[in-house]
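Colleague: Input: one structure, supplied below.
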Amino acid sequence: METSAILLCLLVAAPGLAFLTLSLSWLLGAELPEHWVTRLTRLTFAVSGGAFTALVVILAMQGEFRVSAHLGDWFRVHHYTFPLVLLSDSLSLPMLGLTILLTSLIAAFSKTYLHREAGFLRFYLQLHLYFFGALLVLAAGSFDLLIGGWELVGISSVLLIAFFENRTGPVRNAIRVFATYRTCDIGLLVGVFLMHRWADTATYSDLFSAGELHGTEAIIVALALLFAASGKSAQLPFSGWLPRAMEGPTPSSAIFYGAISVHLGAYLLLRAEPILLASPVSATCVVLVGGLTAMYGTLSSRTCSDAKTNLALAALSQLGLIFVEIGLGLTTLALFHMIGHAIVRTLHFLRAPSMLHDFHQLHSAAGGPLPVTGEHYDQWLPLRLRLWLYRFAMDRGHLDHLIDRCFADPLQRLSSWLAGPVAAPAPRTPQRALNNVAEGLD
Amino acid sequence: MLLAAVLIPLLGSLLAWRAGEHARRIAHAAVLLSLLATLINLYAVSNGGRVDAPYLSADAVNALPMAVFAALSLATLALLPKREWSARVFAEIPLVLAATLTAYAAEHLALLGAAWLLASWPLLFDGERSLYARGVVLGSVLALQGSIFLIGTSSGSFELQVLQASHGAPGGVWAFGLLALAIFLRKGIFPLHSWPAAAFERGSLLPAALLVNGHLGAFLLARVGLPLFPAISREFFPLLADLALFTAALAAVAAIAERSPRRMLGLLLVSQASIVLAGLESLTPEGVTGALVQWMVVSGATTGLCGVYQALESRVDQLGQRSGFLGLANIAPRLSVFFVVCGLALVGLPGTLGFAAEDLLLHGTLQSHPWIGLALPLATALNAFSIFRLFARLFLGRPILPSTISLDALPRERWALGAIVVFLVAGGLMPGQLVKLQSSAADAIVASLHTLVSKR
């Protein structure tokens, strides 16, 4: 195997090994002090970061920013194999670097932020699991392997939302986010299943070089991937989970919902670009979903009073714009937009706890309150429309109610009917359906 | 060694019944020795060999399930809460083991019928269990006995090898119909999909899980149904497999609103185990291998889940009746980790063996059951939601008990649950060897069936 391929494997494997080491030590009864956890974390990021830097240097010297590592078959049954292929190219390499950089920043920040917190070890365990999952998504050479990382990012994200486990709010929201993630993951699983059925492969190189998917097949696969990407990137109609995810600790909100995790949906679409190009219908859908989400995000954020939720909704509008760019085929712009947005939004989230302090400092420096801007645009709209938009934005587009009414409540009723009289009766108000499902309450 | 694997637990069961306070030790020793014997058998058949004993045989198809079931029985014994220790339960678990191993290895249909009955005995004669569950299991026992009677009287032999060599379907359509009914009832296919949930509702959870995890219905299909009736099976079993997929989705939906954790665990087991039938029916090496791996995942993961739940039940009063979040992770952190790993392995989280099983099932059944591509992701997504909901309800939220007391896993529970988790995770990270082992079993099943179909 080439040196560059070894480095690629090393940078992906390091957090996985760190996660296994920490979790097994804990399960075997070891009481790991904070400084051990942070030392191991520092070592992990040093290995991943070092391997990435060396990889970039080697590739720059070779003049071609593409490396592929074939690690054999994960398992094999006759002709069917699950190939372990890692790939780093001009799309994944910048994202890998960004992920390592921002996650190491979050790890360093959290050392102080979560000092003496009861769940210190738990936080770092989940951070390593997420880091491994994210690197796997970005470095996967096939959609099969991408699913692996995708699911790991999802589960670590949900566990971090429920980080403050002694409060019911975060737990309830974690269940809701998990439900959304799993629903949307169906799109990815079905899409990959259809790739195998129609193209007989899900490896990027085989799938895209042969141009196996055309016409209706390409449309269906692209729409399935869009469904999955919409869930991960909180696009409409699944945007409701993003504000709820703010229940987790601020550093995890920064890395998941400002920096990397929410951009993975956009990354999936960029990765599947040849399929999108083969289906203009799907590309149009991507533009529509992105455009509507951008509008929704910007409207909702204007009526939001808490800092983190405001940032989440602002991130949503940017993500919507990134989707629009992908749908229009402006993939390079979308990649730069993703990187820039991830960096800026991480800064915003990490400064959120001291936002009031910053605000006062700014005012002091300016010699008084800053003038309010942007209000003149509102005057262009009729009053009734403004009021309607205000109500719409206050209730975040009634999205949660719609999903409860159209999906959660009928599912609950069907389930109650199937399970018979011993199961929980359907809730009286559809708005509380998913919460009731979550808690198993009357 | 094959005879030892069967007779030692049978003897252990008889001794434990009479041994009083030593019953636990006897049961442990008997099950452990049986596990060792099954492992030796597994080693003996690993190079394509075969182990024979009077009316029994172990080959690539049944050697691994035998070892897995013996390991499950040992884990069940270790996880059994102290309040449920009794001479009766320590006699029943080795009895179920002996009977299930006999059913896996039987070469004689009368022996198979007797073993099937004995394996169901603890459930049939447990007054605490639901009448509905007992009725369905009794129905499956009677259907199998009827089928065996018809096969034996029409062909004049009860020996599987002799019957396989003969032409035509022994016992005709009626024998096949009764056999299919036995599989249908035992597997809990729609509309009888809720009997395992009903069986889980009352009484000791772990022995009930052990009984269901024998998956005798699927085994009957692989070892008797398809070899003896290859032509009719090829016509009928696609329907059964489609029904099984429907059951997987239906049970997953039913679990969503379920309030009782015990019933929910039963429904989850049915949902994930139903997919095994579709894999077996595909008759492709990938599909059958996926089914066999899924079988092991479901058995291991549900034993772990039931073990954790029963451990909590023995520590917290009225656990099943409590509503809202219980916050038990505070006082039982390791149990919470065991629960979440077993649960996520059950629904195929990457990094666990369940992921490999589902991948193989999907690819193996691409042609025979194209809609598995929708049913499997849908069922696993709903099951994952149910598992996480149950996890959150039990372990997260405001603690109902003060954190000054610790109710975490006891050493024996830690070892048993640790072994299950290691099996699921190590098997998931390095599934190659296990898949290879199951692949040889799958090859044996597929090859024998193709030979039979072409011969007839």
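By order in the structure tokens, chains are A, B, ...; within a chain, residues start at 1; ligands start at 1, following the order shown.
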What's around B:Asn47 at 12 Å? Count only C-alpha atoms, leave out sequence neighbours fewer than 5 positions away in its own chain, and write the answer as a list in words.

Modeller: Asn41, Leu42, Asp59, Ala60, Ala63, Lys436, Leu437, Ser440 and Ala441 of chain B

Colleague: Any chance you could list, as a PDB file with N, CA and C atoms, in the first residue's frame, the residues in stretch 308-403 of chain A that come up helix (DSSP H, G or I) when DSSP is run on the backbone?

Modeller:
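Saved the output as out.pdb:
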ATOM      1  N   LYS A 308     -28.707  30.575  20.888  1.00  0.00           N
ATOM      2  CA  LYS A 308     -28.313  29.364  20.164  1.00  0.00           C
ATOM      3  C   LYS A 308     -29.333  28.984  19.091  1.00  0.00           C
ATOM      4  N   THR A 309     -30.614  29.111  19.446  1.00  0.00           N
ATOM      5  CA  THR A 309     -31.645  28.774  18.458  1.00  0.00           C
ATOM      6  C   THR A 309     -31.579  29.738  17.279  1.00  0.00           C
ATOM      7  N   ASN A 310     -31.319  30.996  17.595  1.00  0.00           N
ATOM      8  CA  ASN A 310     -31.179  31.989  16.535  1.00  0.00           C
ATOM      9  C   ASN A 310     -30.053  31.603  15.577  1.00  0.00           C
ATOM     10  N   LEU A 311     -28.949  31.187  16.166  1.00  0.00           N
ATOM     11  CA  LEU A 311     -27.815  30.774  15.335  1.00  0.00           C
ATOM     12  C   LEU A 311     -28.164  29.543  14.501  1.00  0.00           C
ATOM     13  N   ALA A 312     -28.899  28.609  15.120  1.00  0.00           N
ATOM     14  CA  ALA A 312     -29.275  27.387  14.393  1.00  0.00           C
ATOM     15  C   ALA A 312     -30.135  27.737  13.189  1.00  0.00           C
ATOM     16  N   LEU A 313     -31.078  28.663  13.390  1.00  0.00           N
ATOM     17  CA  LEU A 313     -31.966  29.026  12.280  1.00  0.00           C
ATOM     18  C   LEU A 313     -31.214  29.823  11.211  1.00  0.00           C
ATOM     19  N   ALA A 314     -30.254  30.617  11.670  1.00  0.00           N
ATOM     20  CA  ALA A 314     -29.434  31.340  10.685  1.00  0.00           C
ATOM     21  C   ALA A 314     -28.604  30.343   9.871  1.00  0.00           C
ATOM     22  N   ALA A 315     -28.094  29.322  10.551  1.00  0.00           N
ATOM     23  CA  ALA A 315     -27.334  28.281   9.841  1.00  0.00           C
ATOM     24  C   ALA A 315     -28.219  27.590   8.814  1.00  0.00           C
ATOM     25  N   LEU A 316     -29.482  27.436   9.200  1.00  0.00           N
ATOM     26  CA  LEU A 316     -30.440  26.774   8.306  1.00  0.00           C
ATOM     27  C   LEU A 316     -30.595  27.544   7.000  1.00  0.00           C
ATOM     28  N   SER A 317     -30.666  28.859   7.096  1.00  0.00           N
ATOM     29  CA  SER A 317     -30.857  29.640   5.864  1.00  0.00           C
ATOM     30  C   SER A 317     -29.624  29.520   4.964  1.00  0.00           C
ATOM     31  N   GLN A 318     -28.438  29.464   5.587  1.00  0.00           N
ATOM     32  CA  GLN A 318     -27.220  29.294   4.776  1.00  0.00           C
ATOM     33  C   GLN A 318     -27.183  27.903   4.133  1.00  0.00           C
ATOM     34  N   LEU A 319     -27.613  26.906   4.902  1.00  0.00           N
ATOM     35  CA  LEU A 319     -27.643  25.549   4.353  1.00  0.00           C
ATOM     36  C   LEU A 319     -28.597  25.473   3.165  1.00  0.00           C
ATOM     37  N   GLY A 320     -29.717  26.191   3.292  1.00  0.00           N
ATOM     38  CA  GLY A 320     -30.661  26.237   2.179  1.00  0.00           C
ATOM     39  C   GLY A 320     -30.005  26.802   0.930  1.00  0.00           C
ATOM     40  N   LEU A 321     -29.223  27.864   1.126  1.00  0.00           N
ATOM     41  CA  LEU A 321     -28.539  28.473  -0.029  1.00  0.00           C
ATOM     42  C   LEU A 321     -27.518  27.504  -0.622  1.00  0.00           C
ATOM     43  N   ILE A 322     -26.848  26.757   0.238  1.00  0.00           N
ATOM     44  CA  ILE A 322     -25.873  25.762  -0.263  1.00  0.00           C
ATOM     45  C   ILE A 322     -26.592  24.713  -1.113  1.00  0.00           C
ATOM     46  N   PHE A 323     -27.772  24.310  -0.671  1.00  0.00           N
ATOM     47  CA  PHE A 323     -28.554  23.346  -1.462  1.00  0.00           C
ATOM     48  C   PHE A 323     -28.921  23.948  -2.825  1.00  0.00           C
ATOM     49  N   VAL A 324     -29.295  25.222  -2.808  1.00  0.00           N
ATOM     50  CA  VAL A 324     -29.649  25.886  -4.076  1.00  0.00           C
ATOM     51  C   VAL A 324     -28.446  25.849  -5.025  1.00  0.00           C
ATOM     52  N   GLU A 325     -27.278  26.164  -4.470  1.00  0.00           N
ATOM     53  CA  GLU A 325     -26.062  26.161  -5.309  1.00  0.00           C
ATOM     54  C   GLU A 325     -25.791  24.768  -5.878  1.00  0.00           C
ATOM     55  N   ILE A 326     -25.993  23.749  -5.053  1.00  0.00           N
ATOM     56  CA  ILE A 326     -25.757  22.379  -5.533  1.00  0.00           C
ATOM     57  C   ILE A 326     -26.753  22.042  -6.641  1.00  0.00           C
ATOM     58  N   GLY A 327     -28.005  22.406  -6.417  1.00  0.00           N
ATOM     59  CA  GLY A 327     -29.035  22.125  -7.417  1.00  0.00           C
ATOM     60  C   GLY A 327     -28.772  22.829  -8.730  1.00  0.00           C
ATOM     61  N   THR A 331     -21.071  23.606  -7.943  1.00  0.00           N
ATOM     62  CA  THR A 331     -20.548  22.751  -6.874  1.00  0.00           C
ATOM     63  C   THR A 331     -19.312  23.346  -6.193  1.00  0.00           C
ATOM     64  N   THR A 332     -18.449  23.995  -6.946  1.00  0.00           N
ATOM     65  CA  THR A 332     -17.256  24.590  -6.323  1.00  0.00           C
ATOM     66  C   THR A 332     -17.670  25.695  -5.360  1.00  0.00           C
ATOM     67  N   LEU A 333     -18.630  26.520  -5.811  1.00  0.00           N
ATOM     68  CA  LEU A 333     -19.129  27.579  -4.943  1.00  0.00           C
ATOM     69  C   LEU A 333     -19.739  26.978  -3.676  1.00  0.00           C
ATOM     70  N   ALA A 334     -20.508  25.900  -3.872  1.00  0.00           N
ATOM     71  CA  ALA A 334     -21.151  25.248  -2.720  1.00  0.00           C
ATOM     72  C   ALA A 334     -20.101  24.735  -1.733  1.00  0.00           C
ATOM     73  N   LEU A 335     -19.015  24.176  -2.253  1.00  0.00           N
ATOM     74  CA  LEU A 335     -17.965  23.643  -1.367  1.00  0.00           C
ATOM     75  C   LEU A 335     -17.317  24.782  -0.572  1.00  0.00           C
ATOM     76  N   PHE A 336     -17.011  25.879  -1.256  1.00  0.00           N
ATOM     77  CA  PHE A 336     -16.412  27.024  -0.550  1.00  0.00           C
ATOM     78  C   PHE A 336     -17.398  27.604   0.470  1.00  0.00           C
ATOM     79  N   HIS A 337     -18.661  27.649   0.069  1.00  0.00           N
ATOM     80  CA  HIS A 337     -19.701  28.167   0.964  1.00  0.00           C
ATOM     81  C   HIS A 337     -19.784  27.307   2.230  1.00  0.00           C
ATOM     82  N   MET A 338     -19.737  25.987   2.040  1.00  0.00           N
ATOM     83  CA  MET A 338     -19.796  25.070   3.183  1.00  0.00           C
ATOM     84  C   MET A 338     -18.629  25.319   4.138  1.00  0.00           C
ATOM     85  N   ILE A 339     -17.443  25.423   3.578  1.00  0.00           N
ATOM     86  CA  ILE A 339     -16.250  25.575   4.421  1.00  0.00           C
ATOM     87  C   ILE A 339     -16.311  26.914   5.178  1.00  0.00           C
ATOM     88  N   GLY A 340     -16.613  27.962   4.436  1.00  0.00           N
ATOM     89  CA  GLY A 340     -16.676  29.290   5.062  1.00  0.00           C
ATOM     90  C   GLY A 340     -17.753  29.341   6.139  1.00  0.00           C
ATOM     91  N   HIS A 341     -18.911  28.794   5.793  1.00  0.00           N
ATOM     92  CA  HIS A 341     -20.025  28.826   6.740  1.00  0.00           C
ATOM     93  C   HIS A 341     -19.700  28.021   7.996  1.00  0.00           C
ATOM     94  N   ALA A 342     -19.084  26.863   7.819  1.00  0.00           N
ATOM     95  CA  ALA A 342     -18.753  26.013   8.979  1.00  0.00           C
ATOM     96  C   ALA A 342     -17.815  26.753   9.931  1.00  0.00           C
ATOM     97  N   ILE A 343     -16.842  27.437   9.373  1.00  0.00           N
ATOM     98  CA  ILE A 343     -15.856  28.129  10.232  1.00  0.00           C
ATOM     99  C   ILE A 343     -16.523  29.286  10.982  1.00  0.00           C
ATOM    100  N   VAL A 344     -17.266  30.092  10.238  1.00  0.00           N
ATOM    101  CA  VAL A 344     -17.901  31.262  10.869  1.00  0.00           C
ATOM    102  C   VAL A 344     -18.915  30.820  11.918  1.00  0.00           C
ATOM    103  N   ARG A 345     -19.706  29.798  11.567  1.00  0.00           N
ATOM    104  CA  ARG A 345     -20.764  29.383  12.492  1.00  0.00           C
ATOM    105  C   ARG A 345     -20.180  28.743  13.755  1.00  0.00           C
ATOM    106  N   THR A 346     -19.049  28.068  13.624  1.00  0.00           N
ATOM    107  CA  THR A 346     -18.412  27.499  14.823  1.00  0.00           C
ATOM    108  C   THR A 346     -18.009  28.634  15.762  1.00  0.00           C
ATOM    109  N   LEU A 347     -17.452  29.674  15.195  1.00  0.00           N
ATOM    110  CA  LEU A 347     -17.067  30.830  16.008  1.00  0.00           C
ATOM    111  C   LEU A 347     -18.300  31.406  16.710  1.00  0.00           C
ATOM    112  N   HIS A 348     -19.396  31.543  15.953  1.00  0.00           N
ATOM    113  CA  HIS A 348     -20.625  32.094  16.544  1.00  0.00           C
ATOM    114  C   HIS A 348     -21.100  31.261  17.721  1.00  0.00           C
ATOM    115  N   PHE A 349     -21.134  29.943  17.513  1.00  0.00           N
ATOM    116  CA  PHE A 349     -21.633  29.070  18.579  1.00  0.00           C
ATOM    117  C   PHE A 349     -20.722  29.117  19.805  1.00  0.00           C
ATOM    118  N   LEU A 350     -19.423  29.103  19.558  1.00  0.00           N
ATOM    119  CA  LEU A 350     -18.514  29.079  20.701  1.00  0.00           C
ATOM    120  C   LEU A 350     -18.543  30.402  21.473  1.00  0.00           C
ATOM    121  N   ARG A 351     -18.890  31.461  20.790  1.00  0.00           N
ATOM    122  CA  ARG A 351     -18.991  32.755  21.481  1.00  0.00           C
ATOM    123  C   ARG A 351     -20.386  32.974  22.072  1.00  0.00           C
ATOM    124  N   ALA A 352     -21.320  32.103  21.747  1.00  0.00           N
ATOM    125  CA  ALA A 352     -22.707  32.308  22.197  1.00  0.00           C
ATOM    126  C   ALA A 352     -22.836  32.464  23.712  1.00  0.00           C
ATOM    127  N   PRO A 353     -22.142  31.638  24.527  1.00  0.00           N
ATOM    128  CA  PRO A 353     -22.320  31.823  25.984  1.00  0.00           C
ATOM    129  C   PRO A 353     -21.889  33.207  26.462  1.00  0.00           C
ATOM    130  N   SER A 354     -20.973  33.849  25.748  1.00  0.00           N
ATOM    131  CA  SER A 354     -20.535  35.174  26.197  1.00  0.00           C
ATOM    132  C   SER A 354     -21.047  36.274  25.258  1.00  0.00           C
ATOM    133  N   MET A 355     -22.135  35.976  24.587  1.00  0.00           N
ATOM    134  CA  MET A 355     -22.660  36.919  23.584  1.00  0.00           C
ATOM    135  C   MET A 355     -23.064  38.265  24.211  1.00  0.00           C
ATOM    136  N   LEU A 356     -23.703  38.192  25.377  1.00  0.00           N
ATOM    137  CA  LEU A 356     -24.168  39.416  26.031  1.00  0.00           C
ATOM    138  C   LEU A 356     -22.970  40.298  26.401  1.00  0.00           C
ATOM    139  N   HIS A 357     -21.943  39.633  26.908  1.00  0.00           N
ATOM    140  CA  HIS A 357     -20.720  40.342  27.269  1.00  0.00           C
ATOM    141  C   HIS A 357     -20.125  41.037  26.025  1.00  0.00           C
ATOM    142  N   ASP A 358     -20.060  40.275  24.937  1.00  0.00           N
ATOM    143  CA  ASP A 358     -19.527  40.827  23.671  1.00  0.00           C
ATOM    144  C   ASP A 358     -20.365  42.023  23.205  1.00  0.00           C
ATOM    145  N   PHE A 359     -21.673  41.868  23.345  1.00  0.00           N
ATOM    146  CA  PHE A 359     -22.608  42.888  22.893  1.00  0.00           C
ATOM    147  C   PHE A 359     -22.375  44.196  23.661  1.00  0.00           C
ATOM    148  N   HIS A 360     -22.264  44.063  24.981  1.00  0.00           N
ATOM    149  CA  HIS A 360     -22.031  45.249  25.800  1.00  0.00           C
ATOM    150  C   HIS A 360     -20.689  45.892  25.464  1.00  0.00           C
ATOM    151  N   GLN A 361     -19.706  45.051  25.226  1.00  0.00           N
ATOM    152  CA  GLN A 361     -18.374  45.557  24.897  1.00  0.00           C
ATOM    153  C   GLN A 361     -18.407  46.347  23.591  1.00  0.00           C
ATOM    154  N   LEU A 362     -19.181  45.802  22.652  1.00  0.00           N
ATOM    155  CA  LEU A 362     -19.312  46.453  21.337  1.00  0.00           C
ATOM    156  C   LEU A 362     -19.968  47.827  21.485  1.00  0.00           C
ATOM    157  N   HIS A 363     -21.004  47.849  22.308  1.00  0.00           N
ATOM    158  CA  HIS A 363     -21.713  49.110  22.526  1.00  0.00           C
ATOM    159  C   HIS A 363     -20.807  50.128  23.213  1.00  0.00           C
ATOM    160  N   SER A 364     -20.043  49.634  24.189  1.00  0.00           N
ATOM    161  CA  SER A 364     -19.127  50.553  24.886  1.00  0.00           C
ATOM    162  C   SER A 364     -18.118  51.123  23.910  1.00  0.00           C
ATOM    163  N   ALA A 365     -17.605  50.239  23.069  1.00  0.00           N
ATOM    164  CA  ALA A 365     -16.593  50.674  22.109  1.00  0.00           C
ATOM    165  C   ALA A 365     -17.173  51.673  21.114  1.00  0.00           C
ATOM    166  N   ALA A 366     -18.469  51.452  20.756  1.00  0.00           N
ATOM    167  CA  ALA A 366     -19.111  52.342  19.770  1.00  0.00           C
ATOM    168  C   ALA A 366     -19.612  53.639  20.419  1.00  0.00           C
ATOM    169  N   GLU A 375     -34.950  47.299   9.057  1.00  0.00           N
ATOM    170  CA  GLU A 375     -36.389  47.415   9.279  1.00  0.00           C
ATOM    171  C   GLU A 375     -37.128  48.030   8.091  1.00  0.00           C
ATOM    172  N   HIS A 376     -36.405  48.796   7.272  1.00  0.00           N
ATOM    173  CA  HIS A 376     -37.093  49.452   6.157  1.00  0.00           C
ATOM    174  C   HIS A 376     -37.616  48.432   5.131  1.00  0.00           C
ATOM    175  N   TYR A 377     -37.001  47.256   5.077  1.00  0.00           N
ATOM    176  CA  TYR A 377     -37.517  46.244   4.136  1.00  0.00           C
ATOM    177  C   TYR A 377     -38.928  45.813   4.537  1.00  0.00           C
ATOM    178  N   ASP A 378     -39.164  45.769   5.871  1.00  0.00           N
ATOM    179  CA  ASP A 378     -40.470  45.323   6.350  1.00  0.00           C
ATOM    180  C   ASP A 378     -41.597  46.230   5.848  1.00  0.00           C
ATOM    181  N   LEU A 383     -49.504  45.193   6.000  1.00  0.00           N
ATOM    182  CA  LEU A 383     -49.518  44.882   7.446  1.00  0.00           C
ATOM    183  C   LEU A 383     -50.034  43.467   7.715  1.00  0.00           C
ATOM    184  N   ARG A 384     -51.126  43.092   6.993  1.00  0.00           N
ATOM    185  CA  ARG A 384     -51.725  41.764   7.247  1.00  0.00           C
ATOM    186  C   ARG A 384     -50.722  40.649   6.912  1.00  0.00           C
ATOM    187  N   LEU A 385     -50.012  40.844   5.823  1.00  0.00           N
ATOM    188  CA  LEU A 385     -49.019  39.833   5.439  1.00  0.00           C
ATOM    189  C   LEU A 385     -47.897  39.778   6.477  1.00  0.00           C
ATOM    190  N   ARG A 386     -47.519  40.983   6.962  1.00  0.00           N
ATOM    191  CA  ARG A 386     -46.460  41.034   7.967  1.00  0.00           C
ATOM    192  C   ARG A 386     -46.889  40.285   9.233  1.00  0.00           C
ATOM    193  N   LEU A 387     -48.143  40.482   9.615  1.00  0.00           N
ATOM    194  CA  LEU A 387     -48.643  39.795  10.825  1.00  0.00           C
ATOM    195  C   LEU A 387     -48.676  38.281  10.621  1.00  0.00           C
ATOM    196  N   TRP A 388     -49.133  37.898   9.423  1.00  0.00           N
ATOM    197  CA  TRP A 388     -49.201  36.457   9.128  1.00  0.00           C
ATOM    198  C   TRP A 388     -47.796  35.854   9.148  1.00  0.00           C
ATOM    199  N   LEU A 389     -46.868  36.562   8.535  1.00  0.00           N
ATOM    200  CA  LEU A 389     -45.478  36.069   8.503  1.00  0.00           C
ATOM    201  C   LEU A 389     -44.900  35.990   9.919  1.00  0.00           C
ATOM    202  N   TYR A 390     -45.297  36.970  10.730  1.00  0.00           N
ATOM    203  CA  TYR A 390     -44.796  36.986  12.109  1.00  0.00           C
ATOM    204  C   TYR A 390     -45.281  35.743  12.865  1.00  0.00           C
ATOM    205  N   ARG A 391     -46.591  35.476  12.718  1.00  0.00           N
ATOM    206  CA  ARG A 391     -47.149  34.288  13.393  1.00  0.00           C
ATOM    207  C   ARG A 391     -46.499  33.010  12.848  1.00  0.00           C
ATOM    208  N   PHE A 392     -46.351  32.975  11.535  1.00  0.00           N
ATOM    209  CA  PHE A 392     -45.737  31.814  10.874  1.00  0.00           C
ATOM    210  C   PHE A 392     -44.314  31.595  11.408  1.00  0.00           C
ATOM    211  N   ALA A 393     -43.582  32.697  11.508  1.00  0.00           N
ATOM    212  CA  ALA A 393     -42.191  32.584  11.956  1.00  0.00           C
ATOM    213  C   ALA A 393     -42.108  32.240  13.445  1.00  0.00           C
ATOM    214  N   MET A 394     -43.021  32.818  14.234  1.00  0.00           N
ATOM    215  CA  MET A 394     -43.023  32.546  15.678  1.00  0.00           C
ATOM    216  C   MET A 394     -43.218  31.051  15.959  1.00  0.00           C
ATOM    217  N   ARG A 396     -42.476  28.738  13.955  1.00  0.00           N
ATOM    218  CA  ARG A 396     -41.506  28.046  13.073  1.00  0.00           C
ATOM    219  C   ARG A 396     -42.205  27.247  11.967  1.00  0.00           C
ATOM    220  N   GLY A 397     -43.078  27.977  11.284  1.00  0.00           N
ATOM    221  CA  GLY A 397     -43.726  27.407  10.095  1.00  0.00           C
ATOM    222  C   GLY A 397     -44.703  26.299  10.421  1.00  0.00           C
ATOM    223  N   HIS A 398     -45.111  26.181  11.676  1.00  0.00           N
ATOM    224  CA  HIS A 398     -46.035  25.130  12.139  1.00  0.00           C
ATOM    225  C   HIS A 398     -45.532  23.736  11.767  1.00  0.00           C
ATOM    226  N   LEU A 399     -44.242  23.627  11.554  1.00  0.00           N
ATOM    227  CA  LEU A 399     -43.707  22.355  11.036  1.00  0.00           C
ATOM    228  C   LEU A 399     -43.942  21.189  11.984  1.00  0.00           C
ATOM    229  N   ASP A 400     -43.663  21.428  13.260  1.00  0.00           N
ATOM    230  CA  ASP A 400     -43.826  20.330  14.222  1.00  0.00           C
ATOM    231  C   ASP A 400     -45.283  19.864  14.281  1.00  0.00           C
ATOM    232  N   HIS A 401     -46.206  20.841  14.242  1.00  0.00           N
ATOM    233  CA  HIS A 401     -47.625  20.479  14.287  1.00  0.00           C
ATOM    234  C   HIS A 401     -48.007  19.675  13.042  1.00  0.00           C
ATOM    235  N   LEU A 402     -47.501  20.120  11.904  1.00  0.00           N
ATOM    236  CA  LEU A 402     -47.823  19.431  10.652  1.00  0.00           C
ATOM    237  C   LEU A 402     -47.313  18.000  10.681  1.00  0.00           C
ATOM    238  N   ILE A 403     -46.073  17.821  11.135  1.00  0.00           N
ATOM    239  CA  ILE A 403     -45.502  16.474  11.168  1.00  0.00           C
ATOM    240  C   ILE A 403     -46.263  15.610  12.173  1.00  0.00           C
TER     241      ILE A 403
END

Colleague: If the cut-off is 6 Å, can you tell me the residues of chain B near chain A, counting only C-alpha atoms? I'd like them as a list of chain:residue names.

Modeller: B:Val253, B:Ala254, B:Ala257, B:Glu258, B:Arg259, B:Glu286, B:Gly324, B:Pro350, B:Gly373, B:Pro377, B:Ala381, B:Phe385, B:Arg389, B:Leu396, B:Gly397, B:Arg398, B:Gly432

Colleague: Go ahead and save the residues from that selection, with N, CA and C atoms, as a short mmCIF file (atom, residue, chain, number, x, y, z; two decimals), in the first residue's frame.

Modeller:
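Written output follows (again_38.cif):
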data_model
loop_
_atom_site.label_atom_id
_atom_site.label_comp_id
_atom_site.auth_asym_id
_atom_site.auth_seq_id
_atom_site.Cartn_x
_atom_site.Cartn_y
_atom_site.Cartn_z
N VAL B 253 -44.36 -1.41 13.61
CA VAL B 253 -45.37 -0.35 13.81
C VAL B 253 -46.08 -0.57 15.14
N ALA B 254 -46.42 -1.83 15.43
CA ALA B 254 -47.14 -2.13 16.67
C ALA B 254 -46.30 -1.76 17.90
N ALA B 257 -46.43 2.20 19.75
CA ALA B 257 -47.34 2.70 20.80
C ALA B 257 -47.33 1.82 22.03
N GLU B 258 -46.52 0.80 22.01
CA GLU B 258 -46.54 -0.16 23.12
C GLU B 258 -45.99 0.49 24.39
N ARG B 259 -46.73 0.36 25.47
CA ARG B 259 -46.28 0.96 26.72
C ARG B 259 -45.51 -0.03 27.57
N GLU B 286 -25.74 -15.35 -0.44
CA GLU B 286 -25.71 -14.12 0.36
C GLU B 286 -26.94 -14.03 1.28
N GLY B 324 -43.33 7.81 32.33
CA GLY B 324 -42.35 8.90 32.29
C GLY B 324 -40.93 8.36 32.27
N PRO B 350 -24.02 0.35 12.26
CA PRO B 350 -22.68 0.04 11.75
C PRO B 350 -21.70 -0.15 12.90
N GLY B 373 -36.13 -4.09 0.05
CA GLY B 373 -35.38 -2.84 0.07
C GLY B 373 -36.16 -1.72 0.75
N PRO B 377 -35.49 -1.45 5.61
CA PRO B 377 -35.15 -0.14 6.20
C PRO B 377 -36.29 0.45 7.03
N ALA B 381 -35.88 1.09 10.92
CA ALA B 381 -35.98 2.48 11.38
C ALA B 381 -36.98 2.59 12.53
N PHE B 385 -36.27 3.38 16.55
CA PHE B 385 -36.97 4.40 17.31
C PHE B 385 -37.53 3.81 18.61
N ARG B 389 -36.44 4.87 22.31
CA ARG B 389 -37.49 5.36 23.20
C ARG B 389 -37.47 4.59 24.51
N LEU B 396 -32.82 7.54 30.90
CA LEU B 396 -32.60 8.98 30.87
C LEU B 396 -33.70 9.71 31.65
N GLY B 397 -33.53 11.01 31.77
CA GLY B 397 -34.51 11.82 32.49
C GLY B 397 -34.16 11.98 33.96
N ARG B 398 -35.06 12.66 34.68
CA ARG B 398 -34.82 12.92 36.11
C ARG B 398 -34.84 11.59 36.87
N GLY B 432 -15.61 -10.89 8.99
CA GLY B 432 -15.13 -11.81 7.95
C GLY B 432 -15.21 -13.27 8.34
#
